[in-house]
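Asker: I am sharing query_8.txt, which consists of compact mmCIF, C-alpha atoms and all ligand atoms:
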```txt
# COMPACT_ATOMS: atom_id res chain seq x y z
CA MET A 206 -9.37 10.48 9.16
CA ARG A 207 -11.07 11.01 5.79
CA LEU A 208 -11.40 7.95 3.56
CA ARG A 209 -13.49 9.32 0.66
CA PRO A 210 -11.68 11.35 -2.04
CA THR A 211 -12.70 14.97 -2.68
CA PRO A 212 -13.91 15.87 -6.22
CA GLU A 213 -10.41 17.33 -6.91
CA GLU A 214 -8.72 14.13 -5.75
CA ARG A 215 -11.09 12.06 -7.89
CA GLN A 216 -10.20 14.24 -10.89
CA PHE A 217 -6.48 13.77 -10.14
CA ALA A 218 -7.01 9.98 -10.00
CA ASP A 219 -8.84 10.05 -13.35
CA LEU A 220 -6.04 12.04 -14.98
CA ALA A 221 -3.42 9.65 -13.57
CA ALA A 222 -5.43 6.63 -14.77
CA GLU A 223 -5.83 8.11 -18.22
CA TRP A 224 -2.07 8.74 -18.58
CA LEU A 225 -1.05 5.38 -17.12
CA SER A 226 -3.46 3.48 -19.36
CA ARG A 227 -1.58 4.87 -22.38
CA ASN A 228 2.00 4.91 -21.10
CA VAL A 229 2.75 1.96 -18.81
CA PRO A 230 5.48 -0.06 -20.58
CA ARG A 231 4.17 -3.37 -21.87
CA GLU A 232 7.55 -5.05 -22.40
CA PRO A 233 8.81 -7.09 -19.39
CA ARG A 234 11.41 -5.54 -17.08
CA PRO A 235 14.82 -7.21 -17.64
CA PRO A 236 15.62 -9.36 -14.58
CA ALA A 237 19.04 -7.96 -13.61
CA GLY A 238 22.03 -5.73 -14.24
CA GLU A 239 22.38 -2.70 -16.49
CA PRO A 240 19.44 -3.59 -18.81
CA MET A 241 17.18 -3.63 -15.71
CA ALA A 242 18.59 -0.28 -14.54
CA ALA A 243 18.16 1.21 -18.04
CA PHE A 244 14.50 0.07 -18.05
CA ASP A 245 13.87 1.73 -14.64
CA ARG A 246 15.60 4.95 -15.71
CA ALA A 247 13.59 5.11 -18.96
CA TRP A 248 10.26 4.59 -17.15
CA GLN A 249 11.17 7.32 -14.66
CA ARG A 250 12.12 9.68 -17.51
CA LEU A 251 8.76 9.07 -19.17
CA GLN A 252 6.98 10.02 -15.94
CA TYR A 253 9.19 13.08 -15.48
CA ASP A 254 8.60 14.38 -19.00
CA ALA A 255 4.84 14.08 -18.50
CA GLY A 256 4.93 15.84 -15.08
CA TRP A 257 4.15 12.77 -12.94
CA ALA A 258 7.54 12.42 -11.20
CA GLY A 259 7.84 13.65 -7.60
CA VAL A 260 4.11 14.21 -7.04
CA ALA A 261 4.71 15.46 -3.47
CA TRP A 262 8.09 17.13 -4.12
CA PRO A 263 8.15 20.95 -4.18
CA LYS A 264 7.79 22.53 -7.62
CA GLU A 265 11.06 24.45 -7.24
CA TYR A 266 12.91 21.11 -7.23
CA GLY A 267 11.12 19.69 -10.25
CA GLY A 268 8.19 18.03 -8.45
CA ALA A 269 4.45 18.57 -8.86
CA GLY A 270 4.12 20.41 -5.51
CA LEU A 271 1.10 18.37 -4.36
CA SER A 272 0.52 16.61 -1.03
CA LEU A 273 1.04 13.04 0.19
CA VAL A 274 -2.66 12.43 -0.51
CA GLU A 275 -2.08 12.89 -4.26
CA GLN A 276 1.11 10.84 -3.92
CA MET A 277 -0.95 7.96 -2.46
CA ILE A 278 -3.51 8.32 -5.26
CA TRP A 279 -0.70 8.14 -7.82
CA PHE A 280 0.63 4.96 -6.14
CA GLU A 281 -2.88 3.47 -6.18
CA GLN A 282 -3.29 4.14 -9.88
CA CYS A 283 0.21 2.78 -10.60
CA ALA A 284 -0.72 -0.47 -8.82
CA ARG A 285 -4.04 -0.62 -10.67
CA PHE A 286 -2.30 -0.39 -14.06
CA ASP A 287 0.60 -2.65 -13.03
CA ALA A 288 3.09 0.14 -13.66
CA PRO A 289 6.74 -0.76 -12.97
CA GLU A 290 8.01 0.07 -9.47
CA PRO A 291 10.88 2.56 -9.01
CA GLY A 292 13.30 -0.40 -8.90
CA VAL A 293 16.91 0.77 -8.84
CA LEU A 294 15.66 4.34 -8.26
CA ASN A 295 13.98 3.38 -4.99
CA ILE A 296 16.58 4.95 -2.70
CA ALA A 297 17.10 8.05 -4.84
CA LEU A 298 13.36 8.77 -4.96
CA GLY A 299 12.44 7.31 -1.57
CA HIS A 300 14.97 8.98 0.70
CA ALA A 301 18.06 10.54 -0.93
CA GLY A 302 15.92 13.19 -2.62
CA PRO A 303 13.62 13.85 0.36
CA VAL A 304 16.66 14.11 2.68
CA LEU A 305 18.29 16.70 0.41
CA ILE A 306 15.00 18.63 0.30
CA ALA A 307 14.93 18.59 4.11
CA GLU A 308 18.62 18.98 5.00
CA GLY A 309 20.70 19.66 1.86
CA THR A 310 22.37 22.89 0.72
CA ASP A 311 21.05 24.82 -2.29
CA THR A 312 23.97 23.53 -4.38
CA GLN A 313 23.30 19.91 -3.37
CA ARG A 314 19.63 20.32 -4.27
CA GLN A 315 20.51 21.82 -7.64
CA ASP A 316 23.07 19.10 -8.35
CA HIS A 317 20.81 16.18 -7.55
CA LEU A 318 17.06 16.72 -7.18
CA ALA A 319 15.94 17.28 -10.78
CA ALA A 320 18.46 14.66 -11.94
CA ILE A 321 16.92 12.14 -9.52
CA LEU A 322 13.41 12.89 -10.76
CA ARG A 323 14.58 12.51 -14.37
CA GLY A 324 15.99 9.05 -13.52
CA ASP A 325 19.54 10.22 -14.27
CA GLN A 326 20.96 9.36 -10.82
CA VAL A 327 20.81 5.97 -9.10
CA TRP A 328 21.59 6.14 -5.37
CA ALA A 329 22.59 3.63 -2.69
CA GLN A 330 22.54 3.85 1.11
CA GLY A 331 25.85 3.24 2.91
CA PHE A 332 24.91 2.93 6.58
CA SER A 333 25.37 -0.72 7.75
CA GLU A 334 28.78 -2.26 8.42
CA PRO A 335 29.83 -5.81 9.30
CA GLU A 336 29.83 -4.85 13.02
CA ALA A 337 27.19 -2.12 12.93
CA GLY A 338 23.64 -2.90 11.80
CA SER A 339 20.95 -2.49 14.45
CA ASP A 340 23.55 -0.68 16.54
CA LEU A 341 24.27 1.81 13.77
CA ALA A 342 26.13 4.22 16.05
CA ALA A 343 28.86 1.55 16.43
CA LEU A 344 30.01 2.20 12.85
CA ARG A 345 33.76 2.50 12.29
CA THR A 346 34.27 3.67 8.71
CA ARG A 347 36.26 6.82 9.32
CA GLY A 348 36.46 10.17 7.60
CA VAL A 349 39.44 12.45 8.26
CA VAL A 350 39.38 16.10 7.18
CA ASP A 351 42.27 16.94 4.86
CA GLY A 352 42.06 20.51 3.52
CA ASP A 353 38.71 20.86 1.80
CA HIS A 354 38.17 17.09 1.56
CA LEU A 355 37.12 14.21 3.77
CA VAL A 356 39.34 11.15 3.31
CA VAL A 357 37.36 7.95 3.92
CA ASP A 358 38.62 4.46 4.80
CA GLY A 359 36.54 1.45 5.80
CA THR A 360 33.69 -0.71 4.51
CA LYS A 361 29.89 -0.82 4.24
CA ILE A 362 27.83 -3.97 3.71
CA TRP A 363 24.36 -5.01 2.45
CA THR A 364 24.33 -1.85 0.31
CA THR A 365 21.27 -2.37 -1.89
CA GLY A 366 21.96 -1.65 -5.55
CA ALA A 367 25.53 -0.34 -4.99
CA HIS A 368 26.69 -2.26 -8.08
CA LEU A 369 24.26 -0.23 -10.24
CA SER A 370 24.49 3.12 -8.45
CA ASP A 371 26.06 6.47 -9.30
CA TRP A 372 25.85 8.08 -5.84
CA GLN A 373 25.72 7.01 -2.22
CA GLU A 374 24.54 8.38 1.12
CA LEU A 375 27.51 7.58 3.36
CA LEU A 376 27.56 7.72 7.17
CA VAL A 377 31.11 7.92 8.59
CA ARG A 378 32.84 8.55 11.92
CA THR A 379 34.61 11.91 11.75
CA ASP A 380 35.29 12.41 15.47
CA PRO A 381 36.38 9.21 17.26
CA ALA A 382 36.72 11.12 20.55
CA ALA A 383 33.10 12.36 20.60
CA ALA A 384 30.15 10.42 22.08
CA ARG A 385 29.03 7.65 19.68
CA HIS A 386 26.11 9.50 18.09
CA ARG A 387 27.87 12.85 17.98
CA GLY A 388 31.02 11.99 16.04
CA LEU A 389 29.26 11.00 12.79
CA SER A 390 28.92 12.83 9.47
CA PHE A 391 26.70 12.21 6.43
CA ALA A 392 28.38 12.63 3.04
CA ILE A 393 27.32 12.31 -0.59
CA VAL A 394 29.76 10.07 -2.45
CA ASP A 395 30.29 9.83 -6.18
CA LEU A 396 30.79 6.06 -6.54
CA THR A 397 33.20 6.57 -9.45
CA THR A 398 35.71 8.28 -7.09
CA PRO A 399 39.11 6.50 -7.03
CA GLY A 400 39.44 4.16 -4.01
CA VAL A 401 35.81 2.93 -4.09
CA GLU A 402 35.46 -0.80 -4.75
CA VAL A 403 32.03 -2.48 -5.03
CA ARG A 404 31.86 -6.27 -4.53
CA PRO A 405 28.38 -7.68 -5.33
CA ILE A 406 26.80 -10.25 -2.92
CA THR A 407 24.43 -12.98 -4.18
CA ALA A 408 21.29 -13.37 -2.03
CA MET A 409 19.34 -16.58 -1.30
CA ASP A 410 17.04 -16.04 -4.30
CA GLY A 411 20.13 -16.37 -6.51
CA LYS A 412 20.14 -12.68 -7.48
CA VAL A 413 22.50 -9.82 -6.71
CA HIS A 414 20.51 -7.23 -4.77
CA PHE A 415 23.28 -5.75 -2.66
CA ALA A 416 27.04 -5.41 -2.32
CA GLN A 417 29.87 -4.78 0.09
CA VAL A 418 31.60 -1.48 -0.63
CA PHE A 419 35.23 -0.77 0.34
CA TYR A 420 36.74 2.73 0.71
CA ASP A 421 40.49 3.17 0.50
CA GLY A 422 41.59 6.79 0.86
CA VAL A 423 38.43 8.03 -0.91
CA ARG A 424 38.50 11.84 -1.19
CA ILE A 425 35.08 13.47 -0.82
CA PRO A 426 34.76 17.27 -1.13
CA LEU A 427 33.58 18.80 2.18
CA ARG A 428 30.82 20.59 0.23
CA ASN A 429 29.27 17.10 -0.12
CA LEU A 430 28.54 16.92 3.62
CA VAL A 431 24.80 17.04 4.34
CA GLY A 432 24.35 18.93 7.62
CA GLY A 433 27.61 20.01 9.22
CA LEU A 434 30.60 17.96 10.28
CA GLY A 435 29.35 15.90 13.24
CA ASP A 436 25.63 16.30 12.35
CA GLY A 437 25.44 12.89 10.65
CA TRP A 438 23.21 11.16 13.21
CA LYS A 439 20.45 13.73 12.81
CA VAL A 440 20.57 13.45 9.00
CA ALA A 441 20.64 9.63 9.24
CA MET A 442 17.50 9.67 11.43
CA THR A 443 15.77 11.93 8.89
CA THR A 444 16.73 9.35 6.24
CA LEU A 445 15.34 6.45 8.25
CA GLY A 446 12.15 8.44 8.92
CA PHE A 447 11.53 8.66 5.17
CA GLU A 448 12.63 5.05 4.62
CA ARG A 449 10.23 3.66 7.22
CA GLY A 450 7.37 6.10 6.51
CA THR A 451 6.60 7.72 3.16
CA MET A 452 8.85 5.35 1.16
CA THR A 453 6.77 2.39 2.33
CA LEU A 454 3.44 3.89 1.16
CA GLY A 455 3.86 2.74 -2.44
CA THR A 456 4.82 -0.76 -1.40
CA VAL A 457 1.75 -1.01 0.86
CA ILE A 458 -0.51 -0.25 -2.10
CA ARG A 459 1.31 -2.84 -4.23
CA LEU A 460 0.81 -5.40 -1.48
CA LEU A 461 -2.97 -4.93 -1.61
CA LYS A 462 -2.82 -5.71 -5.33
CA LEU A 463 -0.71 -8.78 -4.60
CA ILE A 464 -3.30 -10.01 -2.07
CA ASP A 465 -5.89 -9.79 -4.88
CA ASP A 466 -3.53 -11.77 -7.12
CA VAL A 467 -3.13 -14.49 -4.46
CA LYS A 468 -6.94 -14.70 -4.15
CA GLU A 469 -7.17 -15.07 -7.92
CA LEU A 470 -4.51 -17.80 -7.79
CA ALA A 471 -6.65 -19.69 -5.25
CA ARG A 472 -9.67 -19.38 -7.56
CA THR A 473 -7.84 -20.62 -10.66
CA ARG A 474 -5.60 -23.41 -9.27
CA VAL A 475 -7.36 -26.69 -8.45
CA ASP A 476 -6.76 -29.43 -5.88
CA CYS A 477 -6.40 -33.16 -6.64
CA ARG A 478 -10.24 -33.44 -6.96
CA GLY A 479 -10.33 -30.66 -9.52
CA GLN A 480 -11.90 -28.20 -7.07
CA PRO A 481 -10.60 -24.59 -6.89
CA LEU A 482 -8.24 -24.18 -3.92
CA SER A 483 -10.41 -21.30 -2.69
CA THR A 484 -13.20 -23.80 -1.86
CA SER A 485 -11.08 -25.23 0.97
CA ASP A 486 -12.06 -23.74 4.36
CA GLU A 487 -8.42 -23.62 5.39
CA VAL A 488 -7.35 -21.67 2.28
CA ALA A 489 -10.38 -19.36 2.52
CA ALA A 490 -9.63 -18.58 6.17
CA ARG A 491 -6.02 -17.85 5.36
CA LEU A 492 -6.98 -15.53 2.51
CA ALA A 493 -9.52 -13.78 4.73
CA ASP A 494 -6.79 -13.11 7.32
CA LEU A 495 -4.49 -11.65 4.66
CA GLU A 496 -7.30 -9.50 3.28
CA ALA A 497 -8.24 -8.20 6.74
CA GLU A 498 -4.64 -7.37 7.59
CA GLY A 499 -4.16 -5.69 4.21
CA VAL A 500 -7.22 -3.49 4.77
CA ALA A 501 -5.99 -2.59 8.28
CA LEU A 502 -2.52 -1.72 6.96
CA HIS A 503 -4.06 0.44 4.24
CA ALA A 504 -6.18 2.24 6.85
CA LEU A 505 -3.02 2.91 8.88
CA ALA A 506 -1.29 4.30 5.76
CA VAL A 507 -4.30 6.56 5.07
CA ALA A 508 -4.30 7.70 8.72
CA PHE A 509 -0.57 8.49 8.40
CA VAL A 510 -1.03 10.53 5.22
CA SER A 511 -4.05 12.32 6.61
CA GLU A 512 -2.23 13.25 9.86
CA VAL A 513 0.89 14.40 8.00
CA LYS A 514 -1.30 16.63 5.84
CA ARG A 515 -3.00 18.13 8.90
CA THR A 516 -0.10 18.42 11.36
CA GLY A 517 3.12 17.89 9.38
CA SER A 518 4.06 14.61 11.11
CA SER A 519 2.64 11.31 12.34
CA SER A 520 3.81 8.56 14.68
CA ALA A 521 1.90 6.00 12.54
CA GLY A 522 4.89 6.03 10.14
CA SER A 523 6.99 3.86 12.46
CA MET A 524 4.25 1.19 12.56
CA ILE A 525 3.69 0.90 8.82
CA ARG A 526 7.06 -0.63 7.93
CA PRO A 527 7.12 -3.57 10.42
CA LEU A 528 3.44 -4.42 9.74
CA TYR A 529 4.06 -4.24 5.99
CA ALA A 530 7.22 -6.37 6.20
CA GLU A 531 5.55 -9.21 8.11
CA LEU A 532 2.34 -9.19 6.06
CA SER A 533 4.33 -9.11 2.83
CA GLN A 534 6.16 -12.30 3.87
CA ARG A 535 2.87 -14.06 4.65
CA VAL A 536 1.22 -12.99 1.38
CA LYS A 537 4.17 -14.16 -0.74
CA ARG A 538 4.49 -17.39 1.23
CA THR A 539 0.79 -18.11 0.68
CA GLY A 540 1.22 -17.49 -3.05
CA ALA A 541 4.21 -19.86 -3.20
CA GLU A 542 2.41 -22.55 -1.16
CA LEU A 543 -0.77 -22.42 -3.29
CA LEU A 544 1.43 -23.37 -6.23
CA GLY A 545 2.11 -26.77 -4.64
CA ARG A 546 4.94 -28.58 -6.40
CA ASP A 547 5.35 -25.69 -8.89
CA GLY A 548 6.27 -23.52 -5.92
CA LEU A 549 9.44 -25.52 -5.33
CA THR A 550 11.18 -23.89 -8.30
CA THR A 551 11.75 -20.24 -9.04
CA ASP A 552 10.89 -20.35 -12.72
CA GLY A 553 8.86 -23.51 -13.52
CA THR A 554 5.73 -21.53 -14.44
CA ASP A 555 4.91 -17.83 -14.88
CA GLU A 556 3.19 -17.95 -11.49
CA ALA A 557 6.24 -19.55 -9.84
CA ALA A 558 8.48 -16.90 -11.42
CA ARG A 559 6.18 -14.29 -9.90
CA PHE A 560 5.70 -15.62 -6.36
CA VAL A 561 8.69 -17.79 -5.42
CA PRO A 562 11.58 -15.30 -5.88
CA ALA A 563 9.36 -12.64 -4.26
CA TYR A 564 8.85 -14.95 -1.27
CA LEU A 565 12.57 -15.68 -0.94
CA HIS A 566 13.37 -11.98 -1.23
CA SER A 567 10.72 -11.08 1.38
CA PHE A 568 12.80 -12.62 4.19
CA GLY A 569 14.94 -9.48 3.92
CA HIS A 570 11.92 -7.21 4.54
CA THR A 571 12.03 -7.86 8.29
CA ILE A 572 15.78 -7.11 8.37
CA GLY A 573 16.43 -4.28 5.90
CA THR A 574 15.51 -0.70 7.03
CA GLY A 575 15.88 -2.00 10.62
CA THR A 576 14.90 -5.42 11.93
CA ALA A 577 11.34 -6.15 13.09
CA GLU A 578 12.61 -6.39 16.69
CA VAL A 579 14.40 -3.05 16.53
CA GLN A 580 11.37 -1.35 14.96
CA ARG A 581 9.18 -2.71 17.76
CA ASN A 582 11.65 -1.14 20.21
CA VAL A 583 11.23 2.18 18.37
CA ILE A 584 7.42 1.94 18.64
CA ALA A 585 7.67 1.03 22.34
CA HIS A 586 9.97 3.92 23.24
CA ARG A 587 9.06 6.72 20.85
CA VAL A 588 5.35 6.13 20.19
CA LEU A 589 4.13 4.47 23.39
CA GLY A 590 6.65 6.18 25.68
CA LEU A 591 7.57 2.92 27.44
CA PRO A 592 10.83 2.86 29.43
CA ARG A 593 13.95 1.27 27.90
CA GLY A 594 14.77 -2.22 29.20
C1 LIG B 601 17.46 -6.98 1.86
C2 LIG B 601 18.33 -6.07 2.68
C3 LIG B 601 18.69 -4.84 2.17
C4 LIG B 601 19.51 -4.00 2.91
N1 LIG B 601 19.90 -2.82 2.35
C5 LIG B 601 20.73 -1.98 3.03
C6 LIG B 601 21.20 -0.77 2.43
O1 LIG B 601 20.87 -0.45 1.28
N2 LIG B 601 22.03 0.00 3.14
C7 LIG B 601 22.42 -0.30 4.42
O2 LIG B 601 23.14 0.49 5.01
N3 LIG B 601 22.01 -1.46 5.01
C8 LIG B 601 21.19 -2.30 4.34
N4 LIG B 601 20.77 -3.50 4.91
C9 LIG B 601 21.30 -3.86 6.23
C10 LIG B 601 20.26 -3.77 7.34
O3 LIG B 601 19.97 -2.42 7.67
C11 LIG B 601 20.85 -4.54 8.55
O4 LIG B 601 20.99 -5.89 8.15
C12 LIG B 601 19.94 -4.43 9.76
O5 LIG B 601 19.95 -3.13 10.30
C13 LIG B 601 20.35 -5.46 10.86
O6 LIG B 601 21.68 -5.34 11.15
P1 LIG B 601 22.61 -6.65 11.21
O7 LIG B 601 22.44 -7.39 9.93
O8 LIG B 601 23.98 -6.20 11.58
O9 LIG B 601 21.99 -7.57 12.35
P2 LIG B 601 22.17 -7.36 13.93
O10 LIG B 601 22.01 -5.92 14.26
O11 LIG B 601 23.46 -8.02 14.33
O12 LIG B 601 20.96 -8.16 14.49
C14 LIG B 601 20.99 -9.58 14.69
C15 LIG B 601 19.72 -9.97 15.44
O13 LIG B 601 19.70 -9.35 16.76
C16 LIG B 601 18.50 -8.63 16.94
N5 LIG B 601 18.77 -7.38 17.69
C17 LIG B 601 19.84 -6.57 17.54
N6 LIG B 601 19.73 -5.51 18.38
C18 LIG B 601 18.56 -5.67 19.05
C19 LIG B 601 17.89 -4.92 20.06
N7 LIG B 601 18.40 -3.77 20.51
N8 LIG B 601 16.71 -5.38 20.51
C20 LIG B 601 16.17 -6.55 20.04
N9 LIG B 601 16.77 -7.31 19.10
C21 LIG B 601 17.95 -6.88 18.61
C22 LIG B 601 18.04 -8.26 15.52
O14 LIG B 601 16.64 -8.02 15.49
C23 LIG B 601 18.43 -9.51 14.74
O15 LIG B 601 17.45 -10.52 14.90
C24 LIG B 601 19.96 -4.37 4.20
C25 LIG B 601 19.59 -5.62 4.72
C26 LIG B 601 18.79 -6.46 3.97
C27 LIG B 601 18.42 -7.80 4.54
```
Can I see the file as structure tokens?
Answerer:
Amino acid sequence: MRLRPTPEERQFADLAAEWLSRNVPREPRPPAGEPMAAFDRAWQRLQYDAGWAGVAWPKEYGGAGLSLVEQMIWFEQCARFDAPEPGVLNIALGHAGPVLIAEGTDTQRQDHLAAILRGDQVWAQGFSEPEAGSDLAALRTRGVVDGDHLVVDGTKIWTTGAHLSDWQELLVRTDPAAARHRGLSFAIVDLTTPGVEVRPITAMDGKVHFAQVFYDGVRIPLRNLVGGLGDGWKVAMTTLGFERGTMTLGTVIRLLKLIDDVKELARTRVDCRGQPLSTSDEVAARLADLEAEGVALHALAVAFVSEVKRTGSSSAGSMIRPLYAELSQRVKRTGAELLGRDGLTTDGTDEAARFVPAYLHSFGHTIGTGTAEVQRNVIAHRVLGLPRG
């Protein structure tokens, strides 16, 4: 594993820093709804027009054609300059695009990849159902072939951003007679198609992050299948590979910045004797633990990127997401707790507005993209080769 940047990588970082220092939006991101989505799309468009979108995507699909190392450097510089995160474009950029690069047809790539990089397409992921979450292969939403269309009936739940999305990755059962994992297909759905109904769900932080989506006789052209009919499980696993690996890299870097912000909070907030909270041994020990875990997680992310660059794949990817999810909860909880009474409201002070909703939202990190328990099972079986219980 190589931790020091090469001269070329240093030059890339300097160029990124120079552009970000001039272009990061200074106005606050609207908190919800279409104005928030418009802000995210505009920031993405700015990056695209300047050649910074899709750093590790192939040039033929509108990307910069560089490696994951440069992608990590870009994420580091974005965190350094407090650039907005992809927001509503997270799924489009994080796995819809990469899945189409890996498994899509030429037409699908032409229809979607450049549009995703421009910020013109917001995507959602329709995998989970009320009775199929960890046990994804139990899903029942069905797709029946009718001429050159698939007709879909059923429901998906916890679909992040569905209420703001244009397109969806949809996993459906197309062959009820086949073995559970074999009878599935992966389709691209235009969410404006007749028969699609999106019902937003309010989460415990009081915001709408996800929705339940209902499908009533929704007609999807068969050319929108990714992989063939019945190949859905393979495409879904490719999707989860991106979701739990490369897509988490940017959030890991942001978490390191947040750990610094929590340390700063401990230096600036005072206890009842007027002493900075950081002078307490208990607080200092807690911050030291967070810092050490953050550094270890970053090292794992660097090892992952370095191995992918050398060999094309890395088993470290499956460990990054669960470690990130649990550390992220602890960092945000520490921030909220250091605020004392201010931490009991979501918007009493600027600091409360920053840490408290983030803490409440972080409970979902150990559930979304696969629960912490299920991801530990994946590490046990696929990385360590342990037998199934
Ligand atoms: C914030 C958030 C965003 C989400 N976004 C999306 C999205 O965009 N698209 C989408 O399709 N889904 C999304 N989800 C759904 C998410 O993928 C599921 O909630 C998750 O897979 C768990 O499924 P479940 O809720 O049905 O819980 P269950 O699978 O019923 O699990 C319940 C409990 O049992 C445990 N458990 C289950 N099976 C095992 C096992 N084999 N071994 C050990 N323990 C086990 C789980 O760890 C958990 O504690 C999101 C969820 C959250 C919280």
Asker: Excluding same-chain residues fewer than 5 positions from stretch 421-437 of chain A, what lies within 7 Å of it counting only C-alpha atoms, as a list in words?
Answerer: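 With the cut-off at 7 Å, the set is Glu308, Gly309, Asp353, His354, Leu355, Val356, Val357, Asp358, Gly359, Leu376, Thr379, Arg387, Gly388, Leu389, Ser390, Phe391, Ala392, Ile393, Val394, Thr398, Pro399, Gly400 and Val401 of chain A.
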Asker: Set the cut-off to 6 Å, count all atoms listed in the file, and list whatever residues fall near ligand LIG 601 (chain B) as an MDAnalysis selection string.
Answerer: chainID A and resid 329:333 337:340 363:365 569 572:576 578:579
Asker: Just want the 8 Å neighbourhood of stretch 407-415 of chain A, counted on only C-alpha atoms, with same-chain residues fewer than 5 positions away dropped. Output as a ChimeraX atom specification.
Answerer: /A:237,363-368,562,565-566
Asker: What is the atom CA of A:Tyr420-atom CA of A:Glu402 distance in Å, reported with one decimal?
Answerer: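 These atoms are spaced 6.6 Å apart.
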Asker: How far is it from atom CA of A:Glu232 to atom CA of A:Gln249, in Å with one decimal?
Answerer: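 According to the coordinates, atom CA of A:Glu232 and atom CA of A:Gln249 are separated by 15.0 Å.
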Asker: Separation of atom CA of A:Pro289 and atom CA of A:Ser226, in Å?
Answerer: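 Answer for the atom CA of A:Pro289 to atom CA of A:Ser226 separation: 12.8 Å.
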Asker: Output as a Markdown table one row per residue of stretch 229-329 of chain A within 12 Å of stretch 463-486 of chain A: the closest atom pair and its distance in Å to one decimal place, counting all atoms listed in the file, sorted by chain and residue number ascending.
Answerer:
```
| residue | atom | partner | partner_atom | distance |
| --- | --- | --- | --- | --- |
| A:Ala284 | CA | A:Leu463 | CA | 9.3 |
| A:Arg285 | CA | A:Leu463 | CA | 10.7 |
| A:Asp287 | CA | A:Leu463 | CA | 10.5 |
```
Asker: Could you give me, as a compact mmCIF listing (two decimals) with C-alpha atoms, in the coordinates of the input, the residues within 9 Å of A:Arg215, counting all atoms listed in the file and dropping anything in the same chain fewer than 5 positions from it?
Answerer:
```
# COMPACT_ATOMS: atom_id res chain seq x y z
CA PRO A 210 -11.68 11.35 -2.04
CA LEU A 220 -6.04 12.04 -14.98
CA ILE A 278 -3.51 8.32 -5.26
```
Asker: Under the rule that all atoms listed in the file are counted, which of A:Ala384, A:Ala577, A:Ala319, A:Ala222 is the nearest residue to A:Lys264?
Answerer: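 Of A:Ala384, A:Ala577, A:Ala319, A:Ala222, the one nearest A:Lys264 is A:Ala319, counting all atoms listed in the file.
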Asker: Just the residues within 12 Å of A:Ala301, please, counting all atoms listed in the file, with nothing from its chain fewer than 5 positions along; format it as a ChimeraX atom specification.
Answerer: /A:294-296,306-309,313-314,317-318,320-322,326-331,372-375,391-394,431,440-441,443-448,452
Asker: I need the residue nearest A:Tyr253 from this list: A:Asp325, A:Glu334, A:Glu487, A:Glu531. Use only C-alpha atoms for the distance.
Answerer: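 Answer, going by the shortest atom-to-atom distance: A:Asp325.
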Asker: Could you name the residues that touch A:Trp224 at 12 Å or less, counting only C-alpha atoms, but leaving out those on the same chain fewer than 2 positions away, as an NGL selection string?
Answerer: :A and (217-222 or 226-230 or 251-252 or 255-257 or 279 or 282-283 or 286 or 288)
Asker: Taking all atoms of stretch 339-346 of chain A that the file lists, what box with edges along x, y and z, padded by 4 Å per side, do you get, with centre and edge lengths in Å to one decimal, as lines of an AutoDock Vina configuration file?
Answerer:
```
center_x = 27.6
center_y = 0.9
center_z = 12.6
size_x = 21.3
size_y = 14.7
size_z = 15.8
```
Asker: How would stretch 531-545 of chain A look written as a CSV table (one decimal), in the first residue's frame with C-alpha atoms?
Answerer:
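See part30.csv below for the written result:
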```csv
chain,number,residue,atom,x,y,z
A,531,GLU,CA,-20.9,2.6,13.0
A,532,LEU,CA,-18.1,5.2,13.4
A,533,SER,CA,-20.3,7.8,11.7
A,534,GLN,CA,-23.0,7.2,14.4
A,535,ARG,CA,-20.5,7.6,17.2
A,536,VAL,CA,-19.0,10.8,15.7
A,537,LYS,CA,-22.4,12.4,15.2
A,538,ARG,CA,-23.6,11.3,18.7
A,539,THR,CA,-20.5,12.8,20.3
A,540,GLY,CA,-21.1,16.1,18.4
A,541,ALA,CA,-24.7,16.1,19.6
A,542,GLU,CA,-23.7,15.3,23.2
A,543,LEU,CA,-21.0,17.9,23.4
A,544,LEU,CA,-23.7,20.5,22.7
A,545,GLY,CA,-25.4,19.6,26.1
```
